[in-house]
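Undergrad: This is structure_18.cif (mmCIF, C-alpha atoms).
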```cif
data_data
loop_
_atom_site.label_atom_id
_atom_site.label_comp_id
_atom_site.auth_asym_id
_atom_site.auth_seq_id
_atom_site.Cartn_x
_atom_site.Cartn_y
_atom_site.Cartn_z
CA GLY A 1 -43.43 -20.72 46.20
CA ALA A 2 -42.35 -22.65 43.12
CA GLN A 3 -44.54 -25.69 42.45
CA PHE A 4 -41.67 -27.75 41.06
CA ASP A 5 -38.25 -29.03 42.06
CA ALA A 6 -35.64 -27.46 39.77
CA SER A 7 -33.09 -30.08 40.76
CA LYS A 8 -35.24 -32.71 38.99
CA LEU A 9 -35.39 -30.91 35.64
CA THR A 10 -33.26 -32.02 32.69
CA TRP A 11 -30.90 -29.11 32.17
CA ILE A 12 -29.62 -28.56 28.63
CA GLY A 13 -27.52 -25.39 28.87
CA SER A 14 -27.62 -21.62 28.70
CA ILE A 15 -26.37 -19.34 25.94
CA SER A 16 -24.78 -16.95 28.38
CA THR A 17 -24.35 -15.84 31.95
CA ASP A 18 -25.81 -12.55 33.16
CA VAL A 19 -23.95 -9.79 34.95
CA ASN A 20 -26.21 -7.19 36.50
CA VAL A 21 -24.81 -3.78 37.34
CA CYS A 22 -25.67 -0.71 39.35
CA VAL A 23 -25.26 2.50 37.36
CA THR A 24 -25.73 6.20 38.04
CA TRP A 25 -26.01 9.11 35.64
CA THR A 26 -22.84 11.06 35.01
CA THR A 27 -24.05 14.08 37.02
CA SER A 28 -24.70 12.01 40.17
CA PRO A 29 -22.29 12.54 43.08
CA VAL A 30 -22.30 8.74 43.50
CA LYS A 31 -19.66 7.52 41.08
CA THR A 32 -18.15 4.46 42.82
CA PHE A 33 -19.18 1.63 45.13
CA ASP A 34 -17.54 3.44 48.05
CA ASP A 35 -19.75 6.44 47.28
CA MET A 36 -22.80 4.16 47.60
CA LEU A 37 -21.83 3.54 51.22
CA THR A 38 -21.27 7.17 52.19
CA LYS A 39 -23.48 9.47 50.07
CA PRO A 40 -27.32 9.50 50.02
CA PHE A 41 -28.76 8.81 46.57
CA THR A 42 -31.90 7.53 44.82
CA MET A 43 -32.40 4.47 42.64
CA GLY A 44 -35.39 3.78 40.42
CA GLY A 45 -37.44 0.61 40.86
CA GLU A 46 -40.42 -1.17 39.32
CA GLY A 47 -42.02 -2.94 42.28
CA THR A 48 -41.46 -5.70 44.80
CA GLY A 49 -39.68 -8.70 43.31
CA SER A 50 -38.36 -6.93 40.21
CA ASP A 51 -34.63 -6.93 39.54
CA PRO A 52 -34.14 -3.15 39.99
CA ASP A 53 -35.82 -3.33 43.41
CA SER A 54 -34.27 -6.60 44.59
CA PHE A 55 -30.71 -5.66 43.69
CA ALA A 56 -30.97 -2.14 45.09
CA LEU A 57 -32.36 -3.55 48.34
CA MET A 58 -29.61 -6.16 48.47
CA PHE A 59 -26.97 -3.44 48.47
CA LYS A 60 -28.92 -1.43 51.03
CA ASN A 61 -29.66 -4.30 53.41
CA VAL A 62 -26.44 -6.31 53.10
CA PHE A 63 -23.87 -3.55 52.67
CA GLY A 64 -25.59 -0.49 54.13
CA ALA A 65 -25.73 1.52 50.89
CA LYS A 66 -27.24 4.96 51.54
CA LEU A 67 -29.82 4.57 48.82
CA LYS A 68 -33.48 5.50 48.71
CA LEU A 69 -35.54 3.28 46.41
CA VAL A 70 -38.08 5.17 44.29
CA SER A 71 -40.28 2.33 43.08
CA GLY A 72 -43.29 2.14 40.78
CA TYR A 73 -41.81 2.85 37.35
CA PRO A 74 -43.47 0.66 34.66
CA GLY A 75 -40.15 -0.67 33.34
CA THR A 76 -36.44 -0.10 32.94
CA ASN A 77 -36.99 2.18 29.95
CA ASP A 78 -38.97 4.49 32.23
CA ILE A 79 -36.22 4.37 34.86
CA SER A 80 -33.70 5.19 32.12
CA LEU A 81 -35.68 8.30 31.20
CA ALA A 82 -35.91 9.23 34.89
CA MET A 83 -32.10 9.02 35.10
CA GLU A 84 -31.69 11.28 32.08
CA ARG A 85 -34.18 13.78 33.55
CA GLY A 86 -32.49 13.78 36.93
CA GLU A 87 -35.50 12.30 38.77
CA VAL A 88 -33.29 9.51 40.18
CA ASP A 89 -29.55 8.99 40.34
CA GLY A 90 -29.62 5.59 38.67
CA MET A 91 -30.71 1.97 38.85
CA CYS A 92 -29.48 -1.44 39.90
CA GLY A 93 -30.32 -4.83 38.45
CA ILE A 94 -29.92 -4.10 34.75
CA SER A 95 -27.78 -6.58 32.84
CA TRP A 96 -24.58 -5.39 31.23
CA SER A 97 -25.61 -7.12 27.99
CA THR A 98 -28.79 -4.99 27.96
CA MET A 99 -26.71 -1.88 28.57
CA LYS A 100 -24.53 -2.70 25.57
CA THR A 101 -27.51 -3.47 23.33
CA CYS A 102 -29.96 -0.75 24.37
CA HIS A 103 -27.75 1.99 25.79
CA ALA A 104 -24.53 1.82 23.78
CA ASP A 105 -24.63 5.62 23.48
CA TRP A 106 -24.49 5.91 27.28
CA ILE A 107 -21.34 3.78 27.37
CA GLU A 108 -19.63 5.40 24.39
CA GLY A 109 -20.52 8.90 25.59
CA LYS A 110 -19.46 8.16 29.19
CA LYS A 111 -22.87 9.24 30.41
CA ILE A 112 -23.01 6.68 33.24
CA ASN A 113 -20.95 5.52 36.19
CA VAL A 114 -20.81 1.72 36.57
CA LEU A 115 -20.61 1.24 40.34
CA VAL A 116 -20.59 -2.51 40.98
CA GLN A 117 -21.21 -5.88 39.31
CA ALA A 118 -23.82 -8.21 40.80
CA ALA A 119 -22.87 -11.70 39.65
CA LEU A 120 -20.71 -14.64 40.64
CA ARG A 121 -18.05 -13.69 38.09
CA LYS A 122 -16.89 -10.42 36.54
CA ASP A 123 -17.75 -9.45 33.01
CA PRO A 124 -14.57 -9.19 30.90
CA ASP A 125 -15.70 -5.74 29.75
CA LEU A 126 -15.54 -4.42 33.32
CA PRO A 127 -12.21 -5.49 34.84
CA ASP A 128 -11.96 -2.40 37.07
CA VAL A 129 -15.55 -2.43 38.38
CA PRO A 130 -15.80 -4.26 41.74
CA LEU A 131 -17.59 -7.61 41.91
CA VAL A 132 -20.06 -7.94 44.76
CA MET A 133 -18.74 -11.39 45.69
CA ASP A 134 -15.34 -9.84 46.42
CA LEU A 135 -16.97 -7.31 48.77
CA ALA A 136 -18.50 -9.86 51.15
CA LYS A 137 -17.05 -9.53 54.64
CA THR A 138 -18.29 -12.75 56.26
CA PRO A 139 -19.02 -16.37 55.22
CA GLU A 140 -22.73 -15.70 55.85
CA GLN A 141 -22.71 -12.72 53.48
CA THR A 142 -21.04 -14.90 50.85
CA GLN A 143 -23.75 -17.58 51.21
CA ILE A 144 -26.52 -14.99 51.00
CA LEU A 145 -25.04 -13.43 47.89
CA ARG A 146 -24.46 -16.79 46.18
CA LEU A 147 -28.09 -17.72 46.74
CA ILE A 148 -29.41 -14.41 45.38
CA LEU A 149 -27.00 -14.35 42.44
CA ALA A 150 -27.16 -18.02 41.39
CA ALA A 151 -29.69 -17.16 38.69
CA GLN A 152 -27.18 -14.74 37.14
CA GLU A 153 -24.74 -17.56 36.46
CA MET A 154 -27.24 -19.51 34.35
CA ALA A 155 -29.20 -16.49 33.08
CA ARG A 156 -31.91 -17.91 30.77
CA PRO A 157 -31.32 -21.67 30.62
CA PHE A 158 -32.99 -24.32 28.49
CA ALA A 159 -34.48 -27.33 30.25
CA ALA A 160 -36.53 -30.43 29.43
CA PRO A 161 -38.96 -32.25 31.75
CA PRO A 162 -37.71 -34.58 34.49
CA GLY A 163 -37.05 -38.22 33.76
CA ILE A 164 -36.64 -38.18 29.99
CA PRO A 165 -34.64 -41.10 28.54
CA GLU A 166 -30.89 -40.72 28.97
CA ASP A 167 -30.20 -40.98 25.23
CA ARG A 168 -32.65 -38.14 24.55
CA LYS A 169 -30.98 -36.00 27.20
CA ARG A 170 -27.57 -36.63 25.63
CA ALA A 171 -28.94 -35.73 22.19
CA LEU A 172 -30.42 -32.45 23.44
CA VAL A 173 -27.25 -31.46 25.29
CA ALA A 174 -25.08 -32.37 22.30
CA ALA A 175 -27.31 -30.35 19.95
CA PHE A 176 -27.14 -27.34 22.25
CA ASP A 177 -23.36 -27.58 22.57
CA LYS A 178 -23.02 -27.86 18.78
CA THR A 179 -25.23 -24.81 18.27
CA MET A 180 -23.01 -22.75 20.58
CA LYS A 181 -20.14 -23.33 18.13
CA ASP A 182 -22.14 -22.96 14.91
CA PRO A 183 -20.68 -20.16 12.70
CA GLU A 184 -24.09 -19.01 11.44
CA PHE A 185 -25.48 -18.85 14.97
CA LEU A 186 -22.46 -16.92 16.23
CA ALA A 187 -22.63 -14.51 13.28
CA GLU A 188 -26.31 -13.82 13.94
CA ALA A 189 -25.62 -13.28 17.65
CA ALA A 190 -22.82 -10.84 16.82
CA LYS A 191 -25.14 -8.96 14.47
CA MET A 192 -27.65 -8.64 17.33
CA LYS A 193 -24.86 -7.70 19.79
CA ALA A 194 -25.97 -10.67 21.90
CA ASP A 195 -23.45 -12.25 24.25
CA VAL A 196 -22.58 -15.91 23.69
CA ASN A 197 -20.79 -17.23 26.75
CA PRO A 198 -22.22 -20.75 27.10
CA VAL A 199 -22.96 -22.43 30.41
CA SER A 200 -22.94 -26.23 30.24
CA ALA A 201 -25.69 -28.53 31.45
CA ALA A 202 -23.33 -29.98 34.06
CA THR A 203 -22.53 -26.51 35.43
CA ILE A 204 -26.21 -25.66 35.76
CA GLU A 205 -26.98 -28.97 37.45
CA SER A 206 -24.17 -28.40 39.94
CA LEU A 207 -25.32 -24.85 40.68
CA VAL A 208 -28.96 -25.85 41.15
CA ASN A 209 -27.99 -28.68 43.49
CA GLU A 210 -25.85 -26.28 45.51
CA VAL A 211 -28.75 -23.83 45.83
CA TYR A 212 -31.12 -26.55 46.99
CA LYS A 213 -28.69 -27.44 49.79
CA THR A 214 -28.69 -23.89 51.19
CA PRO A 215 -29.38 -23.97 54.96
CA PRO A 216 -32.82 -22.61 56.00
CA ASP A 217 -31.28 -19.83 58.11
CA VAL A 218 -29.34 -18.52 55.09
CA ILE A 219 -32.50 -18.64 52.97
CA ALA A 220 -34.30 -16.60 55.63
CA GLU A 221 -31.52 -13.99 55.67
CA ALA A 222 -31.51 -13.84 51.87
CA LYS A 223 -35.25 -13.12 51.88
CA LYS A 224 -34.64 -10.27 54.33
CA ALA A 225 -31.85 -8.94 52.15
CA ILE A 226 -34.18 -8.27 49.20
CA ALA A 227 -37.25 -7.28 51.22
CA PRO A 228 -38.45 -3.64 51.27
#
```
Using structure tokens, write down the structure that the file contains.
TA:
Amino acid sequence: GAQFDASKLTWIGSISTDVNVCVTWTTSPVKTFDDMLTKPFTMGGEGTGSDPDSFALMFKNVFGAKLKLVSGYPGTNDISLAMERGEVDGMCGISWSTMKTCHADWIEGKKINVLVQAALRKDPDLPDVPLVMDLAKTPEQTQILRLILAAQEMARPFAAPPGIPEDRKRALVAAFDKTMKDPEFLAEAAKMKADVNPVSAATIESLVNEVYKTPPDVIAEAKKAIAP
């Protein structure tokens, strides 16, 4: 339903990629991805189209996870409280960077099980947690997952309008690239515990163009994969 063509935008870069994860509370019987496929469990959600709902449904509809989605929580903080209270087993679709920033005590205290990574590439912090792309069984599943997860690779990118002068585009991209190496910027990011794992303008352009070439039948299956 977007009223624009993202392939026409002038992409500048992104500060980092995003790796979403599915987690359960330590007391949950579901402690691994294999458990997701064999043991009934509940995941908290916010509503149709939100990340916790979409990612939970992706694992249910594509892989057959035995999850029940309990939707309607106002936000991820509310789902977090529900996990601690035992109302739900856990949640999907929360970024690992958010976990590190907002729930460091969960990680340090081993209060959660990290079941699976939903991204195109693994986070270096989680070498032993399976990556969803490695779990695809068919070429069609791989295409569906790449379409759904493409946004994770570019996370929160910067863009300028279409058709700006080429010299202005080069200046913006160069300024962004320089910022990503700036000591003061990196020090401030470290203080905020914010990940800096830059994605270049060229990488984003390539990814967007790939997404726009996705066959209609794969798009239809991807819509089904994240539908309630």
Undergrad: Please expand the PyMOL selection byres ((chain A and resi 27-40) around 10) into the concrete residues it hits in this file, giving the result as a VMD selection string.
TA: chain A and resid 22 to 26 41 to 42 59 to 60 63 to 68 83 to 84 86 88 to 90 111 to 117 129 to 132 135
Undergrad: Excluding Ile219 of chain A and any residue of its chain fewer than 6 positions from it, enumerate the residues within 12 Å of it, using all atoms listed in the file, and give them as a PyMOL selection string.
TA: chain A and resi 140-141+143-148+211-213+225-226
Undergrad: How would the residues just picked look written out with C-alpha atoms as a JSON list (two decimals), in the coordinates of the input?
TA:
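Result file is out_16.json:
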```json
[["chain", "number", "residue", "atom", "x", "y", "z"],
["A", 140, "GLU", "CA", -22.73, -15.70, 55.85],
["A", 141, "GLN", "CA", -22.71, -12.72, 53.48],
["A", 143, "GLN", "CA", -23.75, -17.58, 51.21],
["A", 144, "ILE", "CA", -26.52, -14.99, 51.00],
["A", 145, "LEU", "CA", -25.04, -13.43, 47.89],
["A", 146, "ARG", "CA", -24.46, -16.79, 46.18],
["A", 147, "LEU", "CA", -28.09, -17.72, 46.74],
["A", 148, "ILE", "CA", -29.41, -14.41, 45.38],
["A", 211, "VAL", "CA", -28.75, -23.83, 45.83],
["A", 212, "TYR", "CA", -31.12, -26.55, 46.99],
["A", 213, "LYS", "CA", -28.69, -27.44, 49.79],
["A", 225, "ALA", "CA", -31.85, -8.94, 52.15],
["A", 226, "ILE", "CA", -34.18, -8.27, 49.20]]
```
Undergrad: Would you pick out the contacts of Ile15 of chain A at 8 Å or less, using only C-alpha atoms, so that residues sharing its chain but fewer than 4 positions from it are not included, and give the list as a PyMOL selection string?
TA: chain A and resi 156-157+180+195-199
Undergrad: Spell out the residues picked by the PyMOL selection byres ((chain A and resi 160) around 10) here, as a list in words.
TA: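 Residues picked by the PyMOL selection byres ((chain A and resi 160) around 10): Lys8, Leu9, Thr10, Trp11, Ile12, Phe158, Ala159, Pro161, Pro162, Gly163, Ile164, Arg168, Lys169 and Leu172 of chain A.
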Undergrad: Return as AutoDock Vina command-line options the centre and edge lengths, in Å with one decimal, of the box along x, y and z that encloses every atom of segment 189-205 of chain A in the file, padded by 3 Å per side.
TA:
```
--center_x -24.2 --center_y -18.8 --center_z 26.0 --size_x 12.9 --size_y 28.3 --size_z 29.0
```
Undergrad: Using all atoms listed in the file - which residues lie no farther than 10 Å from the point (-24.8, -30.7, 24.7) in the file's frame? Write them as a list in words.
TA: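 Residues with an atom close enough to that point: Trp11, Ile12, Gly13, Lys169, Arg170, Ala171, Leu172, Val173, Ala174, Ala175, Phe176, Asp177, Lys178, Thr179, Met180, Ser200, Ala201 and Ala202 of chain A.
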Undergrad: Determine the nearest neighbour of Thr98 of chain A from the options A:Ala227, A:Ile79, A:Ala220, A:Val19, counting all atoms listed in the file.
TA: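 Smallest distance to Thr98 of chain A is found for A:Val19.
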Undergrad: Given the PyMOL selection byres ((chain A and resi 155) around 7) and the file above, list the residues it selects as JSON, numbers by chain.
TA: {"A": [14, 16, 17, 18, 151, 152, 153, 154, 156, 157]}
Undergrad: Suppose you want the space between atom CA of Phe55 of chain A and atom CA of Ile204 of chain A; what is it in Å?
TA: 22.0 Å
Undergrad: So the first atom is atom CA of Pro139 of chain A and the second is atom CA of Val218 of chain A; what is the distance between them in Å, to one decimal place?
TA: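 About the pair atom CA of Pro139 of chain A and atom CA of Val218 of chain A: they are 10.5 Å apart.
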